[in-house]
Amino acid sequence: MESNMRFNYLQRLVVGAVALLLIGLTVMPAQAQDVIWERNARDGALAGTPSWMDAGNERGIAFGEIDGQKVLIAASRTGGNNIRIMDADTGADITPVTFDLSSVAGGLFQINDIEFTDDGKIVVSNMTLDASAGANPFKVYVFEPTGGAPIATFSYNSDSAQRFGDKTFVSGSWADGTFKLMAAQQSSNPGSILVVTTTNQGTDWVTERIALTAETPANRAVHANASVTTTQNGDLLINGNGGLVRRYSSTGVYREGQDIGNTGSNSGVRSFVVDGVEHVAIYAYRGPVASDPQLGYVDIFDVSDAENPVSIAQSPKMSSAASGNAVSGDVEVRVNDDGSYVVYGLAATQGL
């Protein structure tokens, strides 16, 4: 049986002849889809936008597990700094774990993105337009999933005015000392990736920079609302408003002819592998053409042929009314043991 795909960004995709309640979808390969859950501003949505979402204050989501339950969490600044927790299978709000964010300070946004480590720690980061300013460093906070105050904090000041924290990408285990965080530094030429590691649970932090290199200045740049993820072979995929997703080697060398996407109106990006096939999920806020209204959605690509990415599915739009805040969104992926996968999306202000 071909691998199926559940699309809980607000839809589930199933490949081939899997017997489920599905609606036909004309794409290559032939697929079908249905809505699993949604909480957004689209006319006719199963549920409305959460009351805790407002004014672009929610820009990052993460999938993981808390106390044995699969959850989707969001970094939220509505009503103060909060970590919102939802049931990953239904979207329902869960009685919150109490996180102490009283020590969070600095940056344009004190919290902005959120991630899980491989061993379940929660990683929250701020967003700063100028990490060289003493009061506004790029900051990262690590929490136990059971709540409480941060168990570790990382603070970084750059040597010049640089923007960090629109999105982060976290991999590795906190407990095993393999923790790694990546953050794209927005710049016209050249951009770079900040890499942060610790082998001793935050007692010591090591930073390095990966400078992006390419033959043209445009491909050395990192756009606003920058996002980064790594592929199966260690390549970097970098997304942001104003350009397609671009692929670089692990050392920052641009891979010509391997851009991904239908429009440059993007922000979040995630690479994932199902049954040996590499895929990329992109959060986009216009499309399929650049003149379309600002309505958040997710686009999924089969990139098994890196030079010929194929769009295999798109989610419904998350609103019926355009919003400038939709430029700030995120995408997350959950790969299941049975070969299915779930894609979650967040459009700032417009919903999930």
# chains A, B, ... in the order shown; residues from 1 in each chain; ligands from 1
call {"tool": "residues_around", "arguments": {"residues": "segment 191-203 of chain A", "least_positions_apart": "2", "cutoff": "7 Å", "atoms": "only C-alpha atoms", "output": "PyMOL selection string"}}
result
chain A and resi 152+174-175+177-189+205-212+220-222
call {"tool": "select_by_dssp", "arguments": {"residues": "segment 141-198 of chain A", "states": "strand (DSSP E or B)", "output": "PyMOL selection string"}}
result
chain A and resi 141-143+148+152-156+163-164+168-171+179-187+192-198
call {"tool": "write_last_selection", "arguments": {"atoms": "N, CA and C atoms", "output": "PDB file, in the first residue's frame"}}
result
ATOM      1  N   TYR A 141      15.250  30.400  25.681  1.00  0.00           N
ATOM      2  CA  TYR A 141      14.906  29.874  27.008  1.00  0.00           C
ATOM      3  C   TYR A 141      14.498  28.409  26.850  1.00  0.00           C
ATOM      4  N   VAL A 142      15.014  27.564  27.731  1.00  0.00           N
ATOM      5  CA  VAL A 142      14.695  26.135  27.698  1.00  0.00           C
ATOM      6  C   VAL A 142      13.867  25.793  28.931  1.00  0.00           C
ATOM      7  N   PHE A 143      12.717  25.132  28.713  1.00  0.00           N
ATOM      8  CA  PHE A 143      11.794  24.769  29.784  1.00  0.00           C
ATOM      9  C   PHE A 143      11.595  23.253  29.835  1.00  0.00           C
ATOM     10  N   GLY A 148       7.135  25.454  34.944  1.00  0.00           N
ATOM     11  CA  GLY A 148       8.104  26.091  35.818  1.00  0.00           C
ATOM     12  C   GLY A 148       8.933  27.132  35.099  1.00  0.00           C
ATOM     13  N   ALA A 152      17.423  26.801  31.555  1.00  0.00           N
ATOM     14  CA  ALA A 152      18.632  27.368  30.957  1.00  0.00           C
ATOM     15  C   ALA A 152      18.235  28.542  30.072  1.00  0.00           C
ATOM     16  N   THR A 153      19.130  29.519  29.958  1.00  0.00           N
ATOM     17  CA  THR A 153      18.899  30.694  29.116  1.00  0.00           C
ATOM     18  C   THR A 153      20.164  31.002  28.330  1.00  0.00           C
ATOM     19  N   PHE A 154      19.987  31.284  27.051  1.00  0.00           N
ATOM     20  CA  PHE A 154      21.087  31.667  26.173  1.00  0.00           C
ATOM     21  C   PHE A 154      20.867  33.099  25.712  1.00  0.00           C
ATOM     22  N   SER A 155      21.920  33.912  25.717  1.00  0.00           N
ATOM     23  CA  SER A 155      21.827  35.308  25.287  1.00  0.00           C
ATOM     24  C   SER A 155      22.977  35.610  24.341  1.00  0.00           C
ATOM     25  N   TYR A 156      22.659  36.272  23.213  1.00  0.00           N
ATOM     26  CA  TYR A 156      23.668  36.499  22.181  1.00  0.00           C
ATOM     27  C   TYR A 156      23.611  37.939  21.694  1.00  0.00           C
ATOM     28  N   ARG A 163      19.273  41.088  12.747  1.00  0.00           N
ATOM     29  CA  ARG A 163      17.938  40.625  13.137  1.00  0.00           C
ATOM     30  C   ARG A 163      17.933  39.109  13.278  1.00  0.00           C
ATOM     31  N   PHE A 164      17.445  38.633  14.406  1.00  0.00           N
ATOM     32  CA  PHE A 164      17.328  37.196  14.668  1.00  0.00           C
ATOM     33  C   PHE A 164      15.973  36.884  15.307  1.00  0.00           C
ATOM     34  N   THR A 168      13.182  29.742  14.515  1.00  0.00           N
ATOM     35  CA  THR A 168      14.339  28.938  14.872  1.00  0.00           C
ATOM     36  C   THR A 168      14.083  27.491  14.471  1.00  0.00           C
ATOM     37  N   PHE A 169      15.144  26.727  14.385  1.00  0.00           N
ATOM     38  CA  PHE A 169      15.052  25.291  14.125  1.00  0.00           C
ATOM     39  C   PHE A 169      15.901  24.576  15.158  1.00  0.00           C
ATOM     40  N   VAL A 170      15.282  23.672  15.909  1.00  0.00           N
ATOM     41  CA  VAL A 170      15.968  22.970  16.997  1.00  0.00           C
ATOM     42  C   VAL A 170      16.052  21.488  16.675  1.00  0.00           C
ATOM     43  N   SER A 171      17.200  20.898  16.928  1.00  0.00           N
ATOM     44  CA  SER A 171      17.388  19.461  16.756  1.00  0.00           C
ATOM     45  C   SER A 171      18.246  18.947  17.900  1.00  0.00           C
ATOM     46  N   PHE A 179      22.153  19.091  21.705  1.00  0.00           N
ATOM     47  CA  PHE A 179      21.246  20.196  21.394  1.00  0.00           C
ATOM     48  C   PHE A 179      21.868  21.140  20.359  1.00  0.00           C
ATOM     49  N   LYS A 180      21.049  21.493  19.344  1.00  0.00           N
ATOM     50  CA  LYS A 180      21.476  22.471  18.344  1.00  0.00           C
ATOM     51  C   LYS A 180      20.293  23.355  17.978  1.00  0.00           C
ATOM     52  N   LEU A 181      20.534  24.645  17.935  1.00  0.00           N
ATOM     53  CA  LEU A 181      19.529  25.608  17.481  1.00  0.00           C
ATOM     54  C   LEU A 181      20.110  26.410  16.326  1.00  0.00           C
ATOM     55  N   MET A 182      19.291  26.600  15.296  1.00  0.00           N
ATOM     56  CA  MET A 182      19.682  27.433  14.165  1.00  0.00           C
ATOM     57  C   MET A 182      18.729  28.608  14.040  1.00  0.00           C
ATOM     58  N   ALA A 183      19.275  29.770  13.742  1.00  0.00           N
ATOM     59  CA  ALA A 183      18.462  30.969  13.505  1.00  0.00           C
ATOM     60  C   ALA A 183      19.064  31.728  12.338  1.00  0.00           C
ATOM     61  N   ALA A 184      18.216  32.072  11.372  1.00  0.00           N
ATOM     62  CA  ALA A 184      18.699  32.821  10.215  1.00  0.00           C
ATOM     63  C   ALA A 184      18.834  34.293  10.566  1.00  0.00           C
ATOM     64  N   GLN A 185      19.941  34.890  10.139  1.00  0.00           N
ATOM     65  CA  GLN A 185      20.174  36.316  10.346  1.00  0.00           C
ATOM     66  C   GLN A 185      19.780  37.055   9.077  1.00  0.00           C
ATOM     67  N   GLN A 186      18.765  37.904   9.196  1.00  0.00           N
ATOM     68  CA  GLN A 186      18.306  38.640   8.029  1.00  0.00           C
ATOM     69  C   GLN A 186      19.339  39.669   7.615  1.00  0.00           C
ATOM     70  N   SER A 187      19.695  39.656   6.331  1.00  0.00           N
ATOM     71  CA  SER A 187      20.678  40.601   5.820  1.00  0.00           C
ATOM     72  C   SER A 187      20.569  40.632   4.306  1.00  0.00           C
ATOM     73  N   SER A 192      23.396  35.009   6.991  1.00  0.00           N
ATOM     74  CA  SER A 192      24.109  33.917   7.649  1.00  0.00           C
ATOM     75  C   SER A 192      23.155  33.162   8.557  1.00  0.00           C
ATOM     76  N   ILE A 193      23.621  32.011   9.017  1.00  0.00           N
ATOM     77  CA  ILE A 193      22.877  31.200   9.967  1.00  0.00           C
ATOM     78  C   ILE A 193      23.678  31.157  11.266  1.00  0.00           C
ATOM     79  N   LEU A 194      23.013  31.531  12.361  1.00  0.00           N
ATOM     80  CA  LEU A 194      23.612  31.395  13.681  1.00  0.00           C
ATOM     81  C   LEU A 194      23.327  29.982  14.178  1.00  0.00           C
ATOM     82  N   VAL A 195      24.371  29.275  14.584  1.00  0.00           N
ATOM     83  CA  VAL A 195      24.250  27.915  15.105  1.00  0.00           C
ATOM     84  C   VAL A 195      24.672  27.934  16.571  1.00  0.00           C
ATOM     85  N   VAL A 196      23.782  27.464  17.437  1.00  0.00           N
ATOM     86  CA  VAL A 196      24.025  27.470  18.879  1.00  0.00           C
ATOM     87  C   VAL A 196      23.974  26.035  19.386  1.00  0.00           C
ATOM     88  N   THR A 197      24.989  25.596  20.098  1.00  0.00           N
ATOM     89  CA  THR A 197      25.007  24.234  20.639  1.00  0.00           C
ATOM     90  C   THR A 197      25.407  24.264  22.112  1.00  0.00           C
ATOM     91  N   THR A 198      25.031  23.205  22.819  1.00  0.00           N
ATOM     92  CA  THR A 198      25.519  22.977  24.173  1.00  0.00           C
ATOM     93  C   THR A 198      25.609  21.480  24.397  1.00  0.00           C
TER      94      THR A 198
END
call {"tool": "select_by_dssp", "arguments": {"residues": "segment 11-259 of chain A", "states": "helix (DSSP H, G or I)", "output": "ChimeraX atom specification"}}
result
/A:217-220
call {"tool": "closest_residue", "arguments": {"among": "A:Ile282, A:Ile300, A:Val277, A:Ile61", "to": "Ile312 of chain A", "atoms": "only C-alpha atoms"}}
result
A:Ile300
call {"tool": "closest_residue", "arguments": {"among": "A:Asp118, A:Gly324, A:Ser315, A:Pro145", "to": "Gln69 of chain A", "atoms": "only C-alpha atoms"}}
result
A:Pro145
call {"tool": "closest_atom_pairs", "arguments": {"of": "segment 122-173 of chain A", "to": "segment 98-113 of chain A", "cutoff": "8 Å", "atoms": "only C-alpha atoms", "output": "tab-separated table"}}
result
residue	atom	partner	partner_atom	distance
A:Val124	CA	A:Asp113	CA	5.9
A:Ser125	CA	A:Asp113	CA	5.4
A:Asn126	CA	A:Ile111	CA	4.1
A:Met127	CA	A:Phe109	CA	5.2
A:Thr128	CA	A:Gly107	CA	4.3
A:Leu129	CA	A:Leu108	CA	6.5
A:Asp130	CA	A:Gly107	CA	8.0
A:Ala131	CA	A:Gly107	CA	7.9
A:Ala135	CA	A:Gly106	CA	5.9
A:Asn136	CA	A:Gly107	CA	4.4
A:Pro137	CA	A:Gly107	CA	6.4
A:Phe138	CA	A:Gly107	CA	6.9
A:Lys139	CA	A:Gly106	CA	7.8
A:Phe143	CA	A:Phe99	CA	8.0
A:Thr146	CA	A:Thr98	CA	7.8
A:Gly147	CA	A:Phe99	CA	4.5
A:Gly148	CA	A:Phe99	CA	4.7
A:Ala149	CA	A:Asp100	CA	4.6
A:Pro150	CA	A:Asp100	CA	7.4
A:Gly165	CA	A:Asn112	CA	7.0
A:Asp166	CA	A:Asn112	CA	6.8
A:Lys167	CA	A:Asp113	CA	5.7
A:Thr168	CA	A:Asp113	CA	6.6
call {"tool": "closest_residue", "arguments": {"among": "A:Pro50, A:Gly56, A:Gly234, A:Gly276", "to": "Met86 of chain A", "atoms": "only C-alpha atoms"}}
result
A:Pro50
call {"tool": "residues_around", "arguments": {"residues": "segment 247-264 of chain A", "least_positions_apart": "3", "cutoff": "9 Å", "atoms": "only C-alpha atoms", "output": "PyMOL selection string"}}
result
chain A and resi 192-193+210-215+219-220+230+233-244+267+280+282+284+286-290+299-301+303+306-311
call {"tool": "residues_around", "arguments": {"residues": "Arg59 of chain A", "least_positions_apart": "4", "cutoff": "7 Å", "atoms": "only C-alpha atoms", "output": "PyMOL selection string"}}
result
chain A and resi 75+112-113+328-330+348
call {"tool": "closest_residue", "arguments": {"among": "A:Thr349, A:Asp43, A:Ser51, A:Asn336", "to": "Lys70 of chain A", "atoms": "only C-alpha atoms"}}
result
A:Asn336
call {"tool": "closest_residue", "arguments": {"among": "A:Asp305, A:Val327, A:Val228, A:Ser158", "to": "Ser265 of chain A", "atoms": "only C-alpha atoms"}}
result
A:Val327
call {"tool": "atom_distance", "arguments": {"atom1": "atom CA of Gly80 of chain A", "atom2": "atom CA of Tyr344 of chain A"}}
result
24.1 Å
call {"tool": "decode", "arguments": {"residues": "segment 331-345 of chain A", "atoms": "N, CA, C and O atoms", "output": "PDB file, in the first residue's frame"}}
result
ATOM      1  N   VAL A 331       4.823  26.535  10.150  1.00  0.00           N
ATOM      2  CA  VAL A 331       4.394  25.205   9.742  1.00  0.00           C
ATOM      3  C   VAL A 331       5.152  24.182  10.573  1.00  0.00           C
ATOM      4  O   VAL A 331       6.317  24.389  10.931  1.00  0.00           O
ATOM      5  N   GLU A 332       4.485  23.091  10.909  1.00  0.00           N
ATOM      6  CA  GLU A 332       5.088  22.020  11.713  1.00  0.00           C
ATOM      7  C   GLU A 332       4.626  20.690  11.153  1.00  0.00           C
ATOM      8  O   GLU A 332       3.538  20.582  10.569  1.00  0.00           O
ATOM      9  N   VAL A 333       5.450  19.670  11.321  1.00  0.00           N
ATOM     10  CA  VAL A 333       5.168  18.353  10.734  1.00  0.00           C
ATOM     11  C   VAL A 333       5.297  17.275  11.795  1.00  0.00           C
ATOM     12  O   VAL A 333       6.201  17.302  12.624  1.00  0.00           O
ATOM     13  N   ARG A 334       4.381  16.340  11.747  1.00  0.00           N
ATOM     14  CA  ARG A 334       4.377  15.169  12.623  1.00  0.00           C
ATOM     15  C   ARG A 334       4.374  13.922  11.733  1.00  0.00           C
ATOM     16  O   ARG A 334       3.435  13.696  10.984  1.00  0.00           O
ATOM     17  N   VAL A 335       5.417  13.128  11.797  1.00  0.00           N
ATOM     18  CA  VAL A 335       5.496  11.893  11.016  1.00  0.00           C
ATOM     19  C   VAL A 335       5.138  10.727  11.933  1.00  0.00           C
ATOM     20  O   VAL A 335       5.751  10.549  12.994  1.00  0.00           O
ATOM     21  N   ASN A 336       4.155   9.933  11.538  1.00  0.00           N
ATOM     22  CA  ASN A 336       3.659   8.832  12.364  1.00  0.00           C
ATOM     23  C   ASN A 336       4.333   7.512  12.014  1.00  0.00           C
ATOM     24  O   ASN A 336       4.899   7.352  10.927  1.00  0.00           O
ATOM     25  N   ASP A 337       4.258   6.579  12.935  1.00  0.00           N
ATOM     26  CA  ASP A 337       4.907   5.281  12.752  1.00  0.00           C
ATOM     27  C   ASP A 337       4.324   4.493  11.585  1.00  0.00           C
ATOM     28  O   ASP A 337       5.002   3.627  11.019  1.00  0.00           O
ATOM     29  N   ASP A 338       3.064   4.761  11.220  1.00  0.00           N
ATOM     30  CA  ASP A 338       2.422   3.995  10.156  1.00  0.00           C
ATOM     31  C   ASP A 338       2.698   4.546   8.764  1.00  0.00           C
ATOM     32  O   ASP A 338       2.122   4.091   7.773  1.00  0.00           O
ATOM     33  N   GLY A 339       3.591   5.537   8.663  1.00  0.00           N
ATOM     34  CA  GLY A 339       3.918   6.100   7.361  1.00  0.00           C
ATOM     35  C   GLY A 339       3.052   7.274   6.975  1.00  0.00           C
ATOM     36  O   GLY A 339       3.273   7.878   5.915  1.00  0.00           O
ATOM     37  N   SER A 340       2.069   7.606   7.795  1.00  0.00           N
ATOM     38  CA  SER A 340       1.280   8.812   7.537  1.00  0.00           C
ATOM     39  C   SER A 340       1.977  10.014   8.152  1.00  0.00           C
ATOM     40  O   SER A 340       2.906   9.865   8.949  1.00  0.00           O
ATOM     41  N   TYR A 341       1.546  11.198   7.773  1.00  0.00           N
ATOM     42  CA  TYR A 341       2.079  12.393   8.412  1.00  0.00           C
ATOM     43  C   TYR A 341       1.014  13.459   8.504  1.00  0.00           C
ATOM     44  O   TYR A 341       0.052  13.478   7.747  1.00  0.00           O
ATOM     45  N   VAL A 342       1.217  14.324   9.473  1.00  0.00           N
ATOM     46  CA  VAL A 342       0.284  15.413   9.744  1.00  0.00           C
ATOM     47  C   VAL A 342       1.051  16.720   9.615  1.00  0.00           C
ATOM     48  O   VAL A 342       2.162  16.846  10.126  1.00  0.00           O
ATOM     49  N   VAL A 343       0.462  17.680   8.934  1.00  0.00           N
ATOM     50  CA  VAL A 343       1.074  18.996   8.794  1.00  0.00           C
ATOM     51  C   VAL A 343       0.169  20.015   9.475  1.00  0.00           C
ATOM     52  O   VAL A 343      -1.026  20.069   9.225  1.00  0.00           O
ATOM     53  N   TYR A 344       0.745  20.803  10.368  1.00  0.00           N
ATOM     54  CA  TYR A 344       0.015  21.842  11.088  1.00  0.00           C
ATOM     55  C   TYR A 344       0.473  23.197  10.586  1.00  0.00           C
ATOM     56  O   TYR A 344       1.656  23.388  10.302  1.00  0.00           O
ATOM     57  N   GLY A 345      -0.427  24.136  10.496  1.00  0.00           N
ATOM     58  CA  GLY A 345      -0.057  25.476  10.076  1.00  0.00           C
ATOM     59  C   GLY A 345      -0.659  26.529  10.982  1.00  0.00           C
ATOM     60  O   GLY A 345      -1.724  26.342  11.566  1.00  0.00           O
TER      61      GLY A 345
END
